[in-house]
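A.B. asks: Contents of run.cif (mmCIF, C-alpha atoms) are given next:
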data_structure
#
loop_
_atom_site.label_atom_id
_atom_site.label_comp_id
_atom_site.auth_asym_id
_atom_site.auth_seq_id
_atom_site.Cartn_x
_atom_site.Cartn_y
_atom_site.Cartn_z
CA MET A 26 4.93 30.57 6.64
CA MET A 27 8.46 29.28 6.94
CA SER A 28 9.26 25.92 8.47
CA ALA A 29 10.58 25.94 12.04
CA GLY A 30 14.10 25.07 10.87
CA ILE A 31 14.26 27.83 8.28
CA ARG A 32 12.76 30.29 10.75
CA LYS A 33 15.44 29.53 13.33
CA LEU A 34 18.16 29.84 10.69
CA MET A 35 16.77 33.22 9.60
CA LEU A 36 16.51 34.31 13.24
CA THR A 37 20.16 33.36 13.80
CA VAL A 38 21.26 35.40 10.77
CA HIS A 39 19.02 38.28 11.83
CA VAL A 40 20.34 38.39 15.41
CA ALA A 41 23.96 38.03 14.23
CA SER A 42 23.67 40.84 11.67
CA SER A 43 21.74 43.12 14.05
CA VAL A 44 24.22 42.66 16.89
CA GLY A 45 27.03 43.03 14.36
CA TRP A 46 25.49 46.32 13.20
CA LEU A 47 25.51 47.62 16.80
CA GLY A 48 29.12 46.43 17.19
CA ALA A 49 30.14 48.19 13.98
CA ILE A 50 28.55 51.40 15.29
CA ALA A 51 30.58 51.00 18.48
CA ALA A 52 33.75 50.67 16.37
CA TYR A 53 32.72 53.75 14.37
CA ILE A 54 32.12 55.74 17.57
CA ALA A 55 35.53 54.60 18.87
CA LEU A 56 37.17 55.99 15.71
CA ASN A 57 35.65 59.36 16.57
CA VAL A 58 37.84 59.57 19.69
CA PRO A 59 41.13 60.06 17.79
CA ALA A 60 39.28 61.97 15.04
CA LEU A 61 38.02 64.51 17.56
CA ALA A 62 40.69 64.47 20.27
CA GLY A 63 43.78 63.02 18.63
CA ARG A 64 46.93 65.16 18.73
CA ASP A 65 48.96 63.16 16.24
CA GLU A 66 47.95 64.22 12.72
CA GLN A 67 48.67 60.80 11.20
CA THR A 68 46.38 59.15 13.76
CA VAL A 69 43.60 61.62 13.02
CA ARG A 70 43.94 61.02 9.26
CA ALA A 71 43.95 57.25 9.82
CA ALA A 72 40.79 57.52 11.92
CA TYR A 73 38.88 59.31 9.15
CA LEU A 74 40.12 56.79 6.57
CA MET A 75 39.03 53.89 8.79
CA MET A 76 35.60 55.45 9.36
CA ASP A 77 35.04 55.14 5.62
CA VAL A 78 36.23 51.51 5.67
CA VAL A 79 34.01 50.60 8.64
CA MET A 80 31.08 52.32 6.95
CA ARG A 81 31.49 50.49 3.63
CA TYR A 82 32.50 47.02 4.75
CA ALA A 83 30.84 46.62 8.13
CA LEU A 84 28.00 49.08 8.74
CA LEU A 85 26.31 48.99 5.34
CA PRO A 86 26.40 45.19 4.74
CA LEU A 87 25.34 44.39 8.31
CA ALA A 88 22.56 46.98 8.20
CA ALA A 89 21.28 45.62 4.88
CA ALA A 90 21.40 42.05 6.20
CA SER A 91 19.63 43.03 9.43
CA LEU A 92 16.85 44.85 7.58
CA ALA A 93 16.37 42.13 4.94
CA THR A 94 16.38 39.20 7.38
CA GLY A 95 14.07 41.10 9.72
CA ILE A 96 11.53 41.58 6.95
CA VAL A 97 11.79 37.93 5.86
CA GLN A 98 11.56 36.77 9.45
CA ALA A 99 8.44 38.85 10.12
CA LEU A 100 6.70 37.87 6.87
CA GLY A 101 7.51 34.19 7.38
CA SER A 102 6.14 34.03 10.91
CA PRO A 103 2.72 34.65 12.50
CA TRP A 104 3.93 38.07 13.69
CA GLY A 105 3.66 39.65 10.23
CA LEU A 106 5.05 43.09 9.40
CA PHE A 107 2.03 45.26 10.20
CA ARG A 108 -0.03 43.25 12.68
CA HIS A 109 1.76 44.22 15.89
CA TYR A 110 2.96 47.69 16.76
CA TRP A 111 6.33 46.48 18.03
CA VAL A 112 7.15 44.84 14.69
CA THR A 113 5.97 47.84 12.64
CA ILE A 114 7.88 50.33 14.82
CA SER A 115 11.00 48.13 14.61
CA LEU A 116 10.69 48.01 10.81
CA ALA A 117 10.20 51.79 10.59
CA LEU A 118 13.19 52.61 12.82
CA THR A 119 15.49 50.05 11.16
CA THR A 120 14.52 51.33 7.70
CA PHE A 121 15.05 54.93 8.85
CA ALA A 122 18.51 54.09 10.24
CA PHE A 123 19.45 52.24 7.04
CA VAL A 124 18.32 55.11 4.78
CA ILE A 125 20.24 57.67 6.86
CA LEU A 126 23.29 55.39 6.69
CA VAL A 127 23.12 55.20 2.88
CA LEU A 128 22.52 58.94 2.53
CA HIS A 129 25.42 59.67 4.89
CA LEU A 130 27.97 57.58 2.96
CA PRO A 131 29.02 60.40 0.54
CA ALA A 132 29.82 62.69 3.49
CA VAL A 133 32.01 60.02 5.08
CA GLU A 134 33.71 59.42 1.71
CA ASP A 135 34.37 63.15 1.39
CA ALA A 136 35.90 63.29 4.87
CA ALA A 137 38.13 60.30 4.04
CA ALA A 138 39.20 61.95 0.79
CA VAL A 139 40.17 65.10 2.69
CA ALA A 140 42.07 63.02 5.27
CA ALA A 141 43.91 61.16 2.49
CA ASP A 142 45.34 64.43 1.17
CA PRO A 143 48.51 65.14 3.18
CA GLN A 144 48.20 68.85 2.46
CA ALA A 145 44.57 69.12 3.55
CA ASP A 146 43.53 70.82 6.77
CA LEU A 147 41.50 68.47 9.00
CA THR A 148 40.37 70.96 11.60
CA HIS A 149 37.04 71.66 9.88
CA LEU A 150 35.95 67.99 9.71
CA GLY A 151 34.71 67.82 13.30
CA GLY A 152 34.28 64.05 13.67
CA ASP A 153 30.98 62.22 13.17
CA LEU A 154 29.53 61.64 16.63
CA PHE A 155 26.07 63.00 15.81
CA HIS A 156 25.15 60.30 13.31
CA SER A 157 26.91 57.44 15.07
CA VAL A 158 25.54 58.08 18.55
CA GLY A 159 22.14 58.99 17.07
CA GLY A 160 22.11 55.75 15.09
CA LEU A 161 23.02 53.77 18.18
CA VAL A 162 20.20 55.35 20.20
CA VAL A 163 17.68 54.76 17.39
CA LEU A 164 18.68 51.09 17.04
CA LEU A 165 18.45 50.42 20.77
CA VAL A 166 14.67 50.91 20.47
CA PRO A 167 14.11 47.97 18.03
CA LEU A 168 16.52 45.93 20.14
CA ALA A 169 14.38 46.47 23.24
CA LEU A 170 11.13 45.94 21.29
CA ASN A 171 12.44 42.65 19.86
CA ILE A 172 13.25 41.39 23.34
CA TYR A 173 10.18 42.61 25.23
CA LYS A 174 7.65 42.21 22.38
CA PRO A 175 5.09 44.51 24.05
CA ARG A 176 1.43 43.85 23.40
CA GLY A 177 -0.56 45.92 20.95
CA LEU A 178 -2.36 45.01 17.75
CA THR A 179 -2.55 47.48 14.90
CA ARG A 180 -5.95 48.11 13.29
CA TYR A 181 -4.85 45.83 10.43
CA GLY A 182 -3.77 43.13 12.90
CA TRP A 183 -7.05 43.45 14.79
CA ARG A 184 -9.09 43.06 11.57
CA ARG A 185 -7.08 39.99 10.61
CA THR A 186 -7.58 38.45 14.03
CA GLN A 187 -11.31 39.14 13.86
CA ASN A 188 -11.54 37.59 10.39
CA GLN A 189 -9.61 34.51 11.50
CA ARG A 190 -11.91 34.07 14.49
CA MET A 191 -15.01 34.46 12.34
CA ASN A 192 -13.64 31.93 9.86
CA ALA A 193 -12.73 29.52 12.66
CA SER A 194 -16.16 29.81 14.29
CA SER A 195 -18.02 29.33 10.98
CA THR A 196 -16.21 26.06 10.18
CA MET B 10 12.62 42.04 13.76
CA SER B 11 10.69 39.14 15.15
CA GLY B 12 11.91 36.30 17.24
CA SER B 13 10.75 33.03 18.64
CA ALA B 14 8.07 34.56 20.85
CA PRO B 15 5.70 32.44 22.89
CA ASP B 16 2.56 33.13 20.88
CA PRO B 17 2.12 35.95 18.41
CA MET B 18 -1.63 35.36 18.24
CA ASP B 19 -1.98 35.74 21.99
CA ASP B 20 -3.10 39.37 21.77
CA ARG B 21 -6.65 39.30 22.99
CA ALA B 22 -8.44 41.30 20.34
CA PRO B 23 -11.05 43.65 21.85
CA ASP B 24 -14.55 43.98 20.41
CA GLY B 25 -13.77 47.35 18.81
CA PRO B 26 -10.62 48.49 16.99
CA PRO B 27 -7.77 48.77 19.52
CA GLY B 28 -6.35 52.15 20.52
CA LEU B 29 -2.66 52.94 20.79
CA PRO B 30 -0.96 50.98 23.59
CA ARG B 31 0.48 52.96 26.49
CA TRP B 32 4.09 51.97 25.71
CA LEU B 33 3.68 53.35 22.18
CA LYS B 34 2.39 56.69 23.48
CA LEU B 35 5.37 56.91 25.83
CA LEU B 36 7.74 56.02 22.99
CA ALA B 37 6.18 58.68 20.75
CA LEU B 38 6.51 61.25 23.55
CA GLY B 39 10.17 60.32 24.04
CA ALA B 40 10.80 60.56 20.29
CA LEU B 41 9.13 63.98 20.16
CA ILE B 42 11.27 65.27 23.04
CA ALA B 43 14.41 63.85 21.36
CA VAL B 44 13.55 65.51 18.03
CA ILE B 45 12.91 68.87 19.73
CA ALA B 46 16.21 68.57 21.64
CA LEU B 47 18.07 67.68 18.41
CA VAL B 48 16.56 70.57 16.47
CA ALA B 49 17.42 72.95 19.30
CA ALA B 50 20.98 71.58 19.47
CA MET B 51 21.42 71.89 15.69
CA LEU B 52 20.14 75.46 15.76
CA LEU B 53 22.62 76.27 18.52
CA VAL B 54 25.60 74.85 16.57
CA GLY B 55 24.42 76.17 13.21
CA GLY B 56 23.14 72.90 11.76
CA GLU B 57 26.58 71.37 11.36
CA HIS B 58 26.55 67.71 12.39
CA GLY B 59 28.71 65.50 10.23
CA PRO B 60 32.11 64.87 8.74
CA GLY B 61 32.87 67.83 6.56
CA MET B 62 29.43 69.15 7.53
CA HIS B 63 28.02 67.43 4.43
CA GLY B 64 30.08 69.74 2.30
CA GLY B 65 33.34 67.84 1.92
#
Can you turn what I pasted into structure tokens?

C.D. replies:
Amino acid sequence: MMSAGIRKLMLTVHVASSVGWLGAIAAYIALNVPALAGRDEQTVRAAYLMMDVVMRYALLPLAAASLATGIVQALGSPWGLFRHYWVTISLALTTFAFVILVLHLPAVEDAAAVAADPQADLTHLGGDLFHSVGGLVVLLVPLALNIYKPRGLTRYGWRRTQNQRMNASST
Amino acid sequence: MSGSAPDPMDDRAPDGPPGLPRWLKLLALGALIAVIALVAAMLLVGGEHGPGMHGG
């Protein structure tokens, strides 16, 4: 278990990176507006180029920090990673979102490479609202779970609790 | 993932192994409906859903 001071520090980093991740998604979604509806070609190209920048330097680092600090925070506190459903579901959804983000990076790089070519036709790119809005919706679930912390022990958490009670009653 | 909650050990463990909580069943149902809607939407638009449709 972590000390209370370290735990609060980790919680601060975790909340900051998680909220930052959501903010970066909002910026990414905003870039889809000119990418999808922009009439000025230079603006559309710039939007695709900036989507790549936001992906590399905001989304990926913040997502990695959120996932890593979340795992450390859970393991270093009485909540654990697999004792309570809300923690396990949060871990699963955050990991899923991070993996999709990493797997999606080459597609965003390709779109930026097309946009960087002044001769290239951009009409087939079609923006990237599916992943960005989908990612936002997926990440709102762990956000709500982290705030509400609904009850519910997993089978593993229940066994641990039973063992702790048996140990406590036998001493 | 976890915050400064009141008491993580407060879950009153029942005598037998616990079943799935109601909120988790509702969440799973919502996720299932969302996946079905997404698959249907992707089939309608031909599975294209990203920049360059994953093809560059």

A.B. asks: Could you tell me how far atom CA of A:Leu85 sits from atom CA of A:His109, in Å to one decimal place?

C.D. replies: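 So the two atoms, atom CA of A:His109 and atom CA of A:Leu85, lie 27.1 Å apart.
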
A.B. asks: Given all atoms listed in the file as the basis, pick out the residue of A:Leu147, A:Leu84, A:Leu34, A:Leu178 nearest to A:Arg64.

C.D. replies: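 For A:Arg64, the nearest of the given residues is A:Leu147.
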
A.B. asks: For the structure provided, state which residues fall under the PyMOL selection byres ((chain A and resi 69-80) around 7), and present them as number ranges by chain.

C.D. replies: A: 53, 56, 59-60, 63, 65-68, 81-85, 133-134, 136-137, 140-141

A.B. asks: Give me, as JSON lines, each residue of chain A that comes within 6 Å of chain B, together with its shortest interatomic pair and the distance in Å at one decimal, counting all atoms listed in the file, with rows ordered by chain and rising residue number.

C.D. replies:
{"residue": "A:Gly95", "atom": "CA", "partner": "B:Met10", "partner_atom": "CA", "distance": 4.4}
{"residue": "A:Ala99", "atom": "CA", "partner": "B:Ser11", "partner_atom": "CA", "distance": 5.5}
{"residue": "A:Trp104", "atom": "CA", "partner": "B:Pro17", "partner_atom": "CA", "distance": 5.5}
{"residue": "A:Ala132", "atom": "CA", "partner": "B:His63", "partner_atom": "CA", "distance": 5.2}
{"residue": "A:Asp135", "atom": "CA", "partner": "B:Gly65", "partner_atom": "CA", "distance": 4.8}
{"residue": "A:Ala136", "atom": "CA", "partner": "B:Pro60", "partner_atom": "CA", "distance": 5.6}
{"residue": "A:Leu150", "atom": "CA", "partner": "B:Gly61", "partner_atom": "CA", "distance": 4.4}
{"residue": "A:Gly152", "atom": "CA", "partner": "B:Pro60", "partner_atom": "CA", "distance": 5.4}
{"residue": "A:Asp153", "atom": "CA", "partner": "B:Gly59", "partner_atom": "CA", "distance": 5.0}
{"residue": "A:Phe155", "atom": "CA", "partner": "B:His58", "partner_atom": "CA", "distance": 5.8}
{"residue": "A:Gly177", "atom": "CA", "partner": "B:Pro30", "partner_atom": "CA", "distance": 5.7}
{"residue": "A:Arg180", "atom": "CA", "partner": "B:Pro26", "partner_atom": "CA", "distance": 6.0}

A.B. asks: Selected by the PyMOL selection byres ((chain A and resi 113-124) around 7) in the shown coordinates: which residues, as an mmCIF file with C-alpha atoms, in the coordinates of the input?

C.D. replies:
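Here's the written file result-v2.cif:
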data_model
loop_
_atom_site.group_PDB
_atom_site.id
_atom_site.type_symbol
_atom_site.label_atom_id
_atom_site.label_comp_id
_atom_site.auth_asym_id
_atom_site.auth_seq_id
_atom_site.Cartn_x
_atom_site.Cartn_y
_atom_site.Cartn_z
ATOM 1 C CA ALA A 88 22.560 46.980 8.200
ATOM 2 C CA LEU A 92 16.850 44.850 7.580
ATOM 3 C CA LEU A 106 5.050 43.090 9.400
ATOM 4 C CA PHE A 107 2.030 45.260 10.200
ATOM 5 C CA HIS A 109 1.760 44.220 15.890
ATOM 6 C CA TYR A 110 2.960 47.690 16.760
ATOM 7 C CA TRP A 111 6.330 46.480 18.030
ATOM 8 C CA VAL A 112 7.150 44.840 14.690
ATOM 9 C CA ILE A 125 20.240 57.670 6.860
ATOM 10 C CA LEU A 126 23.290 55.390 6.690
ATOM 11 C CA VAL A 127 23.120 55.200 2.880
ATOM 12 C CA LEU A 128 22.520 58.940 2.530
ATOM 13 C CA GLY A 160 22.110 55.750 15.090
ATOM 14 C CA VAL A 163 17.680 54.760 17.390
ATOM 15 C CA LEU A 164 18.680 51.090 17.040
ATOM 16 C CA PRO A 167 14.110 47.970 18.030
ATOM 17 C CA MET B 10 12.620 42.040 13.760
#

A.B. asks: In Å, how far is it from atom CA of A:Gln187 to atom CA of A:Leu36?

C.D. replies: 28.2 Å

A.B. asks: Just to confirm, what's the straight-line distance from atom CA of A:Ser42 to atom CA of B:Ala37 in Å (one decimal)?

C.D. replies: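 Result for atom CA of A:Ser42 versus atom CA of B:Ala37: 26.6 Å, one decimal.
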
A.B. asks: Do you know which residues the PyMOL selection byres ((chain A and resi 29) around 12) returns on this file, as a list in words?

C.D. replies: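 Against this file, the PyMOL selection byres ((chain A and resi 29) around 12) returns the residues Met26, Met27, Ser28, Gly30, Ile31, Arg32, Lys33, Leu34, Met35, Leu36, Gln98, Gly101, Ser102 and Pro103 of chain A; Gly12 and Ser13 of chain B.
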